[in-house]
Amino acid sequence: MNRGLNTFVDLSKIALKMAEYNFSGIQQRWQKYWEENNIYKVDIDPDKPKYYVLDMFPYPSGAGLHVGHPLGYIATDILSRFKRLKGYNVLHPMGFDSFGLPAEQYAIQTGQHPAVTTEANISRYKEQLRELGFSYDWEREIRTSDPSYYKWTQWIFKKLFNSWYNLDTDRAEHIDNLIKEFSENGNGTVNAHADEDIDLFDQKDWAEFSEKQKAEILQKYRLTYLSETSVNWCPALGTVLSNDEVKDGFSERGGHPVVKKLMPQWSMRITAYADRLLSGLDTIDWPEPIKEMQRNWIGKSVGAEMSFQVDGHDADIKVFTTRIDTIYGVTFLVLAPESELVKKITTEDKRSEVDAYVTEAVNRSERERMSDVKHVTGAFTGAYAINPFNQERVPIWIADYVLAGYGTGAVMAVPSGDQRDYDFAKHFNLPITPVYDNMNIEEAADPTKEGKMINSGVLNGLGYKDATEKAITYLIENKMGERKINFRLRDAIFGRQRYWGEPFPVYFKEGVPELIDDSKLPVVLPEVDKYLPTEDGEPPLARAEDWKYEGEYDYEWTTMPGWAGSSWYFFRYMDPANQETFASREALKYWKSVDLYTGGSEHATGHLLYSRFWTKFLYDLGYIEVEEYADKLINQGMIQGRSNFAYRVNGENKYVSKGLRSQFETTPIHVDVNIVKDDVMDIDAFRKFRPDAVQAEFLLEDGKYHCGWEVEKMSKSKYNVVNPDDLVQKYGADTLRMYEMFLGPIEQSKPWNTNGIEGVFKFLKRLHTLFFNNGKVSISDEAPSKKELKIIHGLLKKIEEDVTSLSLNTSVSSFMIAVNEFTSLKCNKREILQPLVIAIAPFAPYLAEELWHVLGNEGSVVMATYPEFDERYLQEDIFEYPVSVNGKMRVKIKYPIDKPIPEIQRDVLENDVIKKWLDGKSPKKIIVVPQRIINLVV
RNA sequence: GCGGAUGUGGCGAAAUUGGUAGACGCACUAGACUUAGGAUCUAGCGCCGCGAGGCAUGGGGGUUCGAGUCCCUCCAUCCGCACCA
């Protein structure tokens, strides 16, 4: 008897177990299945439309992924899987931006080779990514630090070196065209985007130049070139930083001071592409803030450049202005203190004062100069310039508000129209001449373009537009100046004094840089004894023993910057194993460009600009099909940390719950967020977390210890890091995926908060339960009801719209609503469950795969076809017209959808409820908005 | 200073783009089933009011029969750029 009973109990337990949502078993089962069957492998398939979804590849840091990283990856994975179900051939790769500073600094500290740490970090990342069920084709994985990859980064560098920018054709061309032109006609006929200081020479001169001279001249034209450049040198890091790696005079990483220093540097002539980088923004669907940042960074301004003679000297001062119309308002000129003219024109009586000012200005660090914007300083040189329009003598000053690096390093000051000039004039008591009749310059400068010109000689009486045109025409006719467009964008520094980066494919022969032949690529990163600069301050690569080209010539010792490898990786994914070229023509033609690119907005003026530049360059050379590589960009928001706090009473070993802390003097103490749930702390876990609290007393509210919270950066020291692995362990990958989407719109930055993940978990359990009854699979083949059909087709429609527009948070809600309804309808009908499983497959791939098989299907749900929704099921035949009286909503009246509006209006008046409200009066007007509302105005 | 974004319950958020604000979820409250509940289910849940009702989308104003949504203005928070002539 006993025995039998036990057996019975056990059986029922086993049966119930089958019906349980055992996510970890499901995960293991399908992970294995996907990998064994190579489910996510992608190849070119001309019969299918392509779709390319890309995430910015991560730098594999030692800390592993935290819960913020996968946000974008989950969204793109959902879209990829959805597009696959819709019949697209989807390219959805992943790789690693594996060169970078942290691995190198770790190497400096420990002697561990960066390749080793990088490899270990990548394995960890890959394991974490695998758990989350992403549908990457891992055969396409790339790593920027892999020689088979950076071979092609070096190859592109060579192409840039061998190119110049022809402004007549408005594209990059091979340097040989230029050399040919030089030997035939000299450089007088060449219209290139090149250095400013190139002397004219003819074909004869060219023939007579030495090889070294020729090389030096060509450097001034090449798209990547070596030059003495003022760079941001960070002594603490021992390296050069780009402008976007410097924040307020300190390095972005580490916050070390940065100084200006002249060094021979490799640069990229990105300025050649300034105009195209700007206009290209109009052709791509990128977030407006990103485009705006890039526009500001490029900083195009249209105006004129003109010369002022220096009185009594054989010299002139070139100025750039966007307001040539105000030329008669010029009452002084200002030079940057660094200007070479300063020495020449300063009069004896002013010399000591000017020298002192120059010395001070040059020595002031960038930081000081920037923090001191409001303070007006300057010095008079004693010299005068002549305004070519009215021959007036105007004093020449120097001041550090004029930047040597922008325009000509000199400005014509119009204090009536420009606030900085105005402040300067007021401070040094210089005249202020209004040039428009309606200018108000009592308190401040008036940059108006309205009104008619006054005090302006030949321009008097004209408006802004006419005055500008007339002035420019005058300049050009008298050969005093020209139309000019200036950009704020500077050429990009391309070298780093570091070890862990791509070596250049360059060696030096008699001081001249020469390229290494394609057949000898890649130039592999050599081994060094230490990852530090040499005693002479040479970069780490100078330490490499026997590292000479052909045993004789020095290689370039700097390495490429972090953005080199990331500027073209999206093309390598198309054909990652190719040994012959960076990607085959066939692959480039088929995949074309990235349809959707996601990543953080912090790369706006870095990676996202440089990669557009390289794309345009490769396009000019005819290697690729597109001029922009990413058609649409989404910025996923940053996930901040949400720290929890306990409140310790000062001087006592006593902690009080949040609501009681006002009664005590307390200090907030970080609590590990992983021992807090819904802001209620697990006290036992806290005693373990803080051993000094073992004996502590806790003052509770309603028997609970409530923690406070604050948004902070996610970091170990704040104990607010939430690790995706732990959540996958506890709830499964499907829950985590859906919860991350449920959290809110992906573009939005927000603190991570695990409160609420249970809701998603319960939902998946309920979905799972739908397929079972009393522990047994229970699927009915009965025809679905109209109501059920309406729910499922409404859902299919909603999900399709949401996924297309990436509003994935509302999709999750829609799934919950649908599943709740099916649960309360006890709906277990195949015709309903089958499309439901396919629809949810992009979101919860593991569970969907499991249920797909519970339904008795073969193969993988990945191969299924997304079900078409049928509008017919969604149509209402009765519409509830809300009726409003005097703008207040009063009642709803049901009418068939196709009832004519005049009939409805008549009916409304006869409705008893309405009659009562109208109270005998007749409405002034009845408005019936089709399909919406009926409005009576009394 | 310039440019951009955001502002809705205790919390994360919805709102068919001008049509019953707060869907969905969390937390909370009550109840059911339970030896138990950190499982499950049912109901309630913006604020004021016993109620009818009134008030509510950062503040103020406007357009409209009707505004979270459009216009003006102010405030707050976040991000980017920062003497760019």
# chains A, B, ... in the order shown; residues from 1 in each chain; ligands from 1

call {"tool": "interface_residues", "arguments": {"of": "chain B", "to": "chain A", "cutoff": "9 Å", "atoms": "only C-alpha atoms (C1' of nucleotides)", "output": "number ranges by chain"}}
result
B: 3-5, 12-14, 19-20, 23-27, 65-66, 80-85

call {"tool": "select_by_dssp", "arguments": {"residues": "range 767-870 of chain A", "states": "helix (DSSP H, G or I)", "output": "MDAnalysis selection string"}}
result
chainID A and resid 767:769 786:805 808:824 830:840 845:854 861:863

call {"tool": "select_by_dssp", "arguments": {"residues": "range 151-364 of chain A", "states": "strand (DSSP E)", "output": "PyMOL selection string"}}
result
chain A and resi 163-166+171-174+192-193+224-234+239-241+246-247+250-251+259-268+301-310+316-321+332-335

call {"tool": "atom_distance", "arguments": {"atom1": "CA of Lys509 in chain A", "atom2": "CA of Tyr555 in chain A"}}
result
9.5 Å

call {"tool": "residues_around", "arguments": {"residues": "A21 in chain B", "least_positions_apart": "6", "cutoff": "12 Å", "atoms": "only C-alpha atoms (C1' of nucleotides)", "output": "list in words"}}
result
U8, G9, A14, A15, G46, A56, U57, A67, G68 and U69 of chain B

call {"tool": "residues_around", "arguments": {"residues": "G61 in chain B", "least_positions_apart": "4", "cutoff": "12 Å", "atoms": "only C-alpha atoms (C1' of nucleotides)", "output": "list in words"}}
result
C71, C72, U73 and C74 of chain B

call {"tool": "write_last_selection", "arguments": {"atoms": "C-alpha atoms (C1' of nucleotides)", "output": "CSV table (one decimal), in the first residue's frame"}}
result
chain,number,residue,atom,x,y,z
B,71,C,C1',2.4,77.7,-30.6
B,72,C,C1',4.7,81.4,-27.1
B,73,U,C1',7.2,82.0,-22.5
B,74,C,C1',9.7,80.8,-18.1

call {"tool": "residues_around", "arguments": {"residues": "Glu871 in chain A", "least_positions_apart": "5", "cutoff": "12 Å", "atoms": "only C-alpha atoms (C1' of nucleotides)", "output": "list in words"}}
result
Leu789, Lys790, Ile791, Ile792, His793, Gly794, Leu795, Leu796, Lys797, Lys798 and Glu876 of chain A

call {"tool": "atom_distance", "arguments": {"atom1": "CA of Tyr221 in chain A", "atom2": "CA of Ser163 in chain A"}}
result
7.9 Å

call {"tool": "residues_around", "arguments": {"residues": "range 29-35 of chain B", "least_positions_apart": "6", "cutoff": "10 Å", "atoms": "only C-alpha atoms (C1' of nucleotides)", "output": "CSV table (one decimal) with C-alpha atoms (C1' of nucleotides), in the first residue's frame"}}
result
chain,number,residue,atom,x,y,z
B,41,C,C1',-4.6,33.0,-8.4
B,42,U,C1',-8.5,37.2,-7.6
B,43,A,C1',-9.4,42.3,-6.6
B,44,G,C1',-7.8,47.3,-5.6
B,45,C,C1',-4.1,51.0,-6.5

call {"tool": "atom_distance", "arguments": {"atom1": "CA of Ala207 in chain A", "atom2": "CA of Lys220 in chain A"}}
result
17.9 Å

call {"tool": "decode", "arguments": {"residues": "range 19-33 of chain B", "atoms": "all heavy atoms", "output": "compact mmCIF listing (two decimals), in the first residue's frame"}}
result
# COMPACT_ATOMS: atom_id res chain seq x y z
P G B 19 -4.97 62.12 -30.58
OP1 G B 19 -3.85 62.07 -29.63
OP2 G B 19 -4.99 61.26 -31.76
O5' G B 19 -6.30 61.86 -29.76
C5' G B 19 -6.36 62.29 -28.40
C4' G B 19 -7.77 62.12 -27.89
O4' G B 19 -8.64 63.06 -28.55
C3' G B 19 -8.36 60.74 -28.15
O3' G B 19 -9.27 60.46 -27.09
C2' G B 19 -9.14 60.96 -29.45
O2' G B 19 -10.18 60.05 -29.59
C1' G B 19 -9.68 62.36 -29.22
N9 G B 19 -9.99 63.12 -30.42
C8 G B 19 -9.48 62.97 -31.68
N7 G B 19 -9.95 63.85 -32.53
C5 G B 19 -10.83 64.62 -31.78
C6 G B 19 -11.63 65.72 -32.15
O6 G B 19 -11.72 66.26 -33.24
N1 G B 19 -12.37 66.20 -31.09
C2 G B 19 -12.35 65.68 -29.81
N2 G B 19 -13.12 66.26 -28.92
N3 G B 19 -11.60 64.65 -29.45
C4 G B 19 -10.87 64.17 -30.47
P U B 20 -8.84 59.56 -25.87
OP1 U B 20 -7.77 60.23 -25.11
OP2 U B 20 -8.67 58.20 -26.36
O5' U B 20 -10.19 59.61 -25.02
C5' U B 20 -10.68 60.85 -24.53
C4' U B 20 -11.16 60.65 -23.13
O4' U B 20 -12.24 59.69 -23.14
C3' U B 20 -10.11 60.08 -22.17
O3' U B 20 -10.30 60.62 -20.88
C2' U B 20 -10.43 58.59 -22.13
O2' U B 20 -10.05 57.96 -20.95
C1' U B 20 -11.95 58.65 -22.25
N1 U B 20 -12.54 57.43 -22.77
C2 U B 20 -13.35 56.70 -21.92
O2 U B 20 -13.58 57.05 -20.78
N3 U B 20 -13.86 55.56 -22.45
C4 U B 20 -13.66 55.07 -23.71
O4 U B 20 -14.19 54.03 -24.06
C5 U B 20 -12.80 55.86 -24.56
C6 U B 20 -12.28 56.99 -24.06
P A B 21 -9.44 61.83 -20.47
OP1 A B 21 -9.81 62.16 -19.07
OP2 A B 21 -9.49 62.84 -21.53
O5' A B 21 -7.97 61.22 -20.49
C5' A B 21 -7.63 60.21 -19.58
C4' A B 21 -6.32 59.62 -20.01
O4' A B 21 -5.33 60.67 -20.08
C3' A B 21 -5.76 58.60 -19.04
O3' A B 21 -6.25 57.31 -19.34
C2' A B 21 -4.26 58.71 -19.26
O2' A B 21 -3.86 57.98 -20.40
C1' A B 21 -4.11 60.20 -19.56
N9 A B 21 -3.77 61.03 -18.40
C8 A B 21 -4.56 61.96 -17.80
N7 A B 21 -3.99 62.58 -16.80
C5 A B 21 -2.73 62.00 -16.74
C6 A B 21 -1.63 62.20 -15.90
N6 A B 21 -1.61 63.10 -14.93
N1 A B 21 -0.52 61.44 -16.12
C2 A B 21 -0.54 60.55 -17.10
N3 A B 21 -1.51 60.28 -17.95
C4 A B 21 -2.59 61.04 -17.72
P G B 22 -6.43 56.20 -18.30
OP1 G B 22 -6.99 55.02 -18.99
OP2 G B 22 -7.11 56.76 -17.12
O5' G B 22 -4.94 55.88 -17.89
C5' G B 22 -4.01 55.33 -18.83
C4' G B 22 -2.65 55.28 -18.18
O4' G B 22 -2.27 56.60 -17.77
C3' G B 22 -2.61 54.45 -16.91
O3' G B 22 -2.31 53.12 -17.28
C2' G B 22 -1.50 55.09 -16.08
O2' G B 22 -0.26 54.47 -16.32
C1' G B 22 -1.44 56.52 -16.65
N9 G B 22 -1.85 57.51 -15.67
C8 G B 22 -3.12 57.92 -15.36
N7 G B 22 -3.15 58.85 -14.46
C5 G B 22 -1.82 59.07 -14.15
C6 G B 22 -1.22 59.97 -13.22
O6 G B 22 -1.77 60.77 -12.48
N1 G B 22 0.16 59.85 -13.23
C2 G B 22 0.88 59.00 -14.01
N2 G B 22 2.19 59.03 -13.88
N3 G B 22 0.34 58.17 -14.88
C4 G B 22 -1.00 58.26 -14.89
P A B 23 -2.57 51.93 -16.25
OP1 A B 23 -3.83 52.23 -15.55
OP2 A B 23 -1.36 51.62 -15.47
O5' A B 23 -2.81 50.74 -17.28
C5' A B 23 -3.89 50.78 -18.17
C4' A B 23 -3.48 50.22 -19.51
O4' A B 23 -2.65 51.18 -20.22
C3' A B 23 -2.62 48.95 -19.46
O3' A B 23 -3.41 47.80 -19.30
C2' A B 23 -1.96 48.99 -20.84
O2' A B 23 -2.83 48.56 -21.85
C1' A B 23 -1.69 50.49 -21.00
N9 A B 23 -0.36 50.87 -20.51
C8 A B 23 -0.05 51.69 -19.47
N7 A B 23 1.23 51.82 -19.25
C5 A B 23 1.81 51.04 -20.23
C6 A B 23 3.15 50.76 -20.55
N6 A B 23 4.18 51.26 -19.87
N1 A B 23 3.38 49.93 -21.59
C2 A B 23 2.35 49.43 -22.26
N3 A B 23 1.04 49.61 -22.05
C4 A B 23 0.84 50.44 -21.02
P C B 24 -3.10 46.78 -18.15
OP1 C B 24 -3.96 45.59 -18.40
OP2 C B 24 -3.16 47.49 -16.86
O5' C B 24 -1.58 46.38 -18.42
C5' C B 24 -1.24 45.49 -19.48
C4' C B 24 0.27 45.35 -19.56
O4' C B 24 0.86 46.62 -19.96
C3' C B 24 0.95 45.06 -18.22
O3' C B 24 0.87 43.69 -17.87
C2' C B 24 2.38 45.51 -18.51
O2' C B 24 3.05 44.60 -19.34
C1' C B 24 2.10 46.80 -19.29
N1 C B 24 1.98 47.97 -18.38
C2 C B 24 3.16 48.60 -17.95
O2 C B 24 4.25 48.17 -18.34
N3 C B 24 3.06 49.66 -17.12
C4 C B 24 1.87 50.09 -16.72
N4 C B 24 1.82 51.14 -15.89
C5 C B 24 0.66 49.47 -17.14
C6 C B 24 0.76 48.41 -17.96
P G B 25 0.70 43.29 -16.35
OP1 G B 25 0.53 41.82 -16.32
OP2 G B 25 -0.30 44.17 -15.70
O5' G B 25 2.12 43.66 -15.76
C5' G B 25 3.26 42.90 -16.13
C4' G B 25 4.51 43.56 -15.63
O4' G B 25 4.59 44.92 -16.15
C3' G B 25 4.62 43.78 -14.14
O3' G B 25 4.92 42.59 -13.44
C2' G B 25 5.76 44.80 -14.10
O2' G B 25 6.99 44.19 -14.41
C1' G B 25 5.35 45.71 -15.25
N9 G B 25 4.53 46.82 -14.74
C8 G B 25 3.17 47.00 -14.82
N7 G B 25 2.77 48.09 -14.22
C5 G B 25 3.95 48.67 -13.72
C6 G B 25 4.15 49.86 -12.97
O6 G B 25 3.32 50.69 -12.59
N1 G B 25 5.49 50.05 -12.67
C2 G B 25 6.51 49.20 -13.03
N2 G B 25 7.74 49.54 -12.65
N3 G B 25 6.33 48.08 -13.73
C4 G B 25 5.03 47.89 -14.03
P C B 26 4.50 42.43 -11.93
OP1 C B 26 4.84 41.06 -11.53
OP2 C B 26 3.13 42.95 -11.74
O5' C B 26 5.50 43.43 -11.19
C5' C B 26 6.90 43.16 -11.17
C4' C B 26 7.65 44.30 -10.51
O4' C B 26 7.32 45.54 -11.18
C3' C B 26 7.28 44.55 -9.07
O3' C B 26 7.90 43.63 -8.20
C2' C B 26 7.81 45.97 -8.90
O2' C B 26 9.22 45.98 -8.81
C1' C B 26 7.41 46.61 -10.24
N1 C B 26 6.10 47.29 -10.13
C2 C B 26 6.06 48.53 -9.47
O2 C B 26 7.11 48.99 -9.01
N3 C B 26 4.88 49.19 -9.36
C4 C B 26 3.78 48.65 -9.88
N4 C B 26 2.64 49.34 -9.74
C5 C B 26 3.78 47.39 -10.56
C6 C B 26 4.96 46.75 -10.66
P A B 27 7.07 43.09 -6.93
OP1 A B 27 7.97 42.13 -6.26
OP2 A B 27 5.72 42.67 -7.33
O5' A B 27 6.95 44.40 -6.05
C5' A B 27 8.10 44.99 -5.46
C4' A B 27 7.73 46.31 -4.81
O4' A B 27 7.25 47.22 -5.83
C3' A B 27 6.59 46.24 -3.80
O3' A B 27 7.04 45.84 -2.52
C2' A B 27 6.09 47.68 -3.82
O2' A B 27 6.93 48.52 -3.08
C1' A B 27 6.20 48.02 -5.30
N9 A B 27 4.97 47.66 -6.02
C8 A B 27 4.73 46.56 -6.80
N7 A B 27 3.53 46.51 -7.31
C5 A B 27 2.93 47.66 -6.82
C6 A B 27 1.63 48.19 -6.99
N6 A B 27 0.70 47.61 -7.73
N1 A B 27 1.35 49.35 -6.36
C2 A B 27 2.31 49.94 -5.62
N3 A B 27 3.56 49.54 -5.39
C4 A B 27 3.80 48.39 -6.03
P C B 28 6.08 44.92 -1.64
OP1 C B 28 6.83 44.66 -0.39
OP2 C B 28 5.54 43.80 -2.44
O5' C B 28 4.87 45.90 -1.32
C5' C B 28 5.08 47.10 -0.56
C4' C B 28 3.83 47.94 -0.58
O4' C B 28 3.49 48.28 -1.96
C3' C B 28 2.57 47.23 -0.07
O3' C B 28 2.51 47.21 1.34
C2' C B 28 1.47 48.09 -0.70
O2' C B 28 1.32 49.32 -0.02
C1' C B 28 2.07 48.36 -2.09
N1 C B 28 1.62 47.37 -3.08
C2 C B 28 0.34 47.51 -3.64
O2 C B 28 -0.37 48.47 -3.27
N3 C B 28 -0.10 46.63 -4.55
C4 C B 28 0.68 45.61 -4.92
N4 C B 28 0.20 44.76 -5.83
C5 C B 28 1.99 45.42 -4.38
C6 C B 28 2.42 46.32 -3.47
P U B 29 1.88 45.92 2.08
OP1 U B 29 2.20 46.10 3.52
OP2 U B 29 2.26 44.68 1.38
O5' U B 29 0.31 46.13 1.88
C5' U B 29 -0.34 47.29 2.39
C4' U B 29 -1.80 47.27 2.02
O4' U B 29 -1.93 47.47 0.58
C3' U B 29 -2.52 45.94 2.26
O3' U B 29 -2.88 45.78 3.62
C2' U B 29 -3.72 46.08 1.33
O2' U B 29 -4.70 46.94 1.87
C1' U B 29 -3.07 46.76 0.12
N1 U B 29 -2.65 45.78 -0.91
C2 U B 29 -3.61 45.32 -1.80
O2 U B 29 -4.76 45.69 -1.75
N3 U B 29 -3.16 44.41 -2.72
C4 U B 29 -1.88 43.92 -2.86
O4 U B 29 -1.64 43.10 -3.74
C5 U B 29 -0.94 44.44 -1.90
C6 U B 29 -1.34 45.33 -0.98
P A B 30 -3.00 44.30 4.21
OP1 A B 30 -3.20 44.45 5.66
OP2 A B 30 -1.88 43.47 3.72
O5' A B 30 -4.34 43.74 3.55
C5' A B 30 -5.60 44.28 3.93
C4' A B 30 -6.68 43.78 3.01
O4' A B 30 -6.38 44.14 1.65
C3' A B 30 -6.84 42.26 2.95
O3' A B 30 -7.53 41.73 4.06
C2' A B 30 -7.61 42.11 1.64
O2' A B 30 -8.96 42.46 1.78
C1' A B 30 -6.91 43.15 0.77
N9 A B 30 -5.81 42.54 0.00
C8 A B 30 -4.46 42.55 0.24
N7 A B 30 -3.74 41.90 -0.65
C5 A B 30 -4.69 41.42 -1.54
C6 A B 30 -4.58 40.65 -2.70
N6 A B 30 -3.43 40.20 -3.20
N1 A B 30 -5.73 40.34 -3.37
C2 A B 30 -6.90 40.78 -2.88
N3 A B 30 -7.11 41.52 -1.79
C4 A B 30 -5.96 41.80 -1.16
P G B 31 -7.19 40.26 4.55
OP1 G B 31 -7.94 40.06 5.81
OP2 G B 31 -5.71 40.08 4.54
O5' G B 31 -7.80 39.31 3.42
C5' G B 31 -9.21 39.24 3.28
C4' G B 31 -9.56 38.58 1.97
O4' G B 31 -8.85 39.23 0.89
C3' G B 31 -9.14 37.12 1.81
O3' G B 31 -9.98 36.23 2.51
C2' G B 31 -9.24 36.97 0.30
O2' G B 31 -10.59 36.88 -0.13
C1' G B 31 -8.65 38.30 -0.18
N9 G B 31 -7.21 38.17 -0.45
C8 G B 31 -6.15 38.66 0.25
N7 G B 31 -4.99 38.35 -0.28
C5 G B 31 -5.32 37.62 -1.40
C6 G B 31 -4.50 37.00 -2.39
O6 G B 31 -3.25 36.99 -2.47
N1 G B 31 -5.24 36.34 -3.36
C2 G B 31 -6.61 36.28 -3.38
N2 G B 31 -7.15 35.60 -4.40
N3 G B 31 -7.39 36.85 -2.48
C4 G B 31 -6.69 37.49 -1.53
P A B 32 -9.46 34.80 2.96
OP1 A B 32 -10.53 34.17 3.76
OP2 A B 32 -8.09 34.95 3.51
O5' A B 32 -9.34 34.02 1.56
C5' A B 32 -10.52 33.68 0.84
C4' A B 32 -10.14 32.89 -0.39
O4' A B 32 -9.28 33.69 -1.21
C3' A B 32 -9.32 31.63 -0.11
O3' A B 32 -10.13 30.54 0.27
C2' A B 32 -8.64 31.41 -1.45
O2' A B 32 -9.51 30.81 -2.39
C1' A B 32 -8.34 32.85 -1.88
N9 A B 32 -6.97 33.29 -1.53
C8 A B 32 -6.59 34.09 -0.48
N7 A B 32 -5.29 34.32 -0.44
C5 A B 32 -4.80 33.63 -1.53
C6 A B 32 -3.51 33.46 -2.05
N6 A B 32 -2.42 34.02 -1.51
N1 A B 32 -3.34 32.70 -3.14
C2 A B 32 -4.43 32.14 -3.70
N3 A B 32 -5.71 32.22 -3.31
C4 A B 32 -5.83 32.99 -2.21
P C B 33 -9.62 29.50 1.34
OP1 C B 33 -10.76 28.63 1.67
OP2 C B 33 -8.90 30.22 2.41
O5' C B 33 -8.56 28.65 0.51
C5' C B 33 -8.95 27.97 -0.67
C4' C B 33 -7.73 27.45 -1.38
O4' C B 33 -6.93 28.56 -1.87
C3' C B 33 -6.75 26.70 -0.49
O3' C B 33 -7.18 25.36 -0.27
C2' C B 33 -5.45 26.81 -1.27
O2' C B 33 -5.39 25.87 -2.32
C1' C B 33 -5.55 28.22 -1.84
N1 C B 33 -4.85 29.22 -1.02
C2 C B 33 -3.49 29.48 -1.27
O2 C B 33 -2.92 28.86 -2.18
N3 C B 33 -2.83 30.40 -0.52
C4 C B 33 -3.48 31.04 0.46
N4 C B 33 -2.79 31.93 1.17
C5 C B 33 -4.85 30.80 0.74
C6 C B 33 -5.51 29.89 -0.01
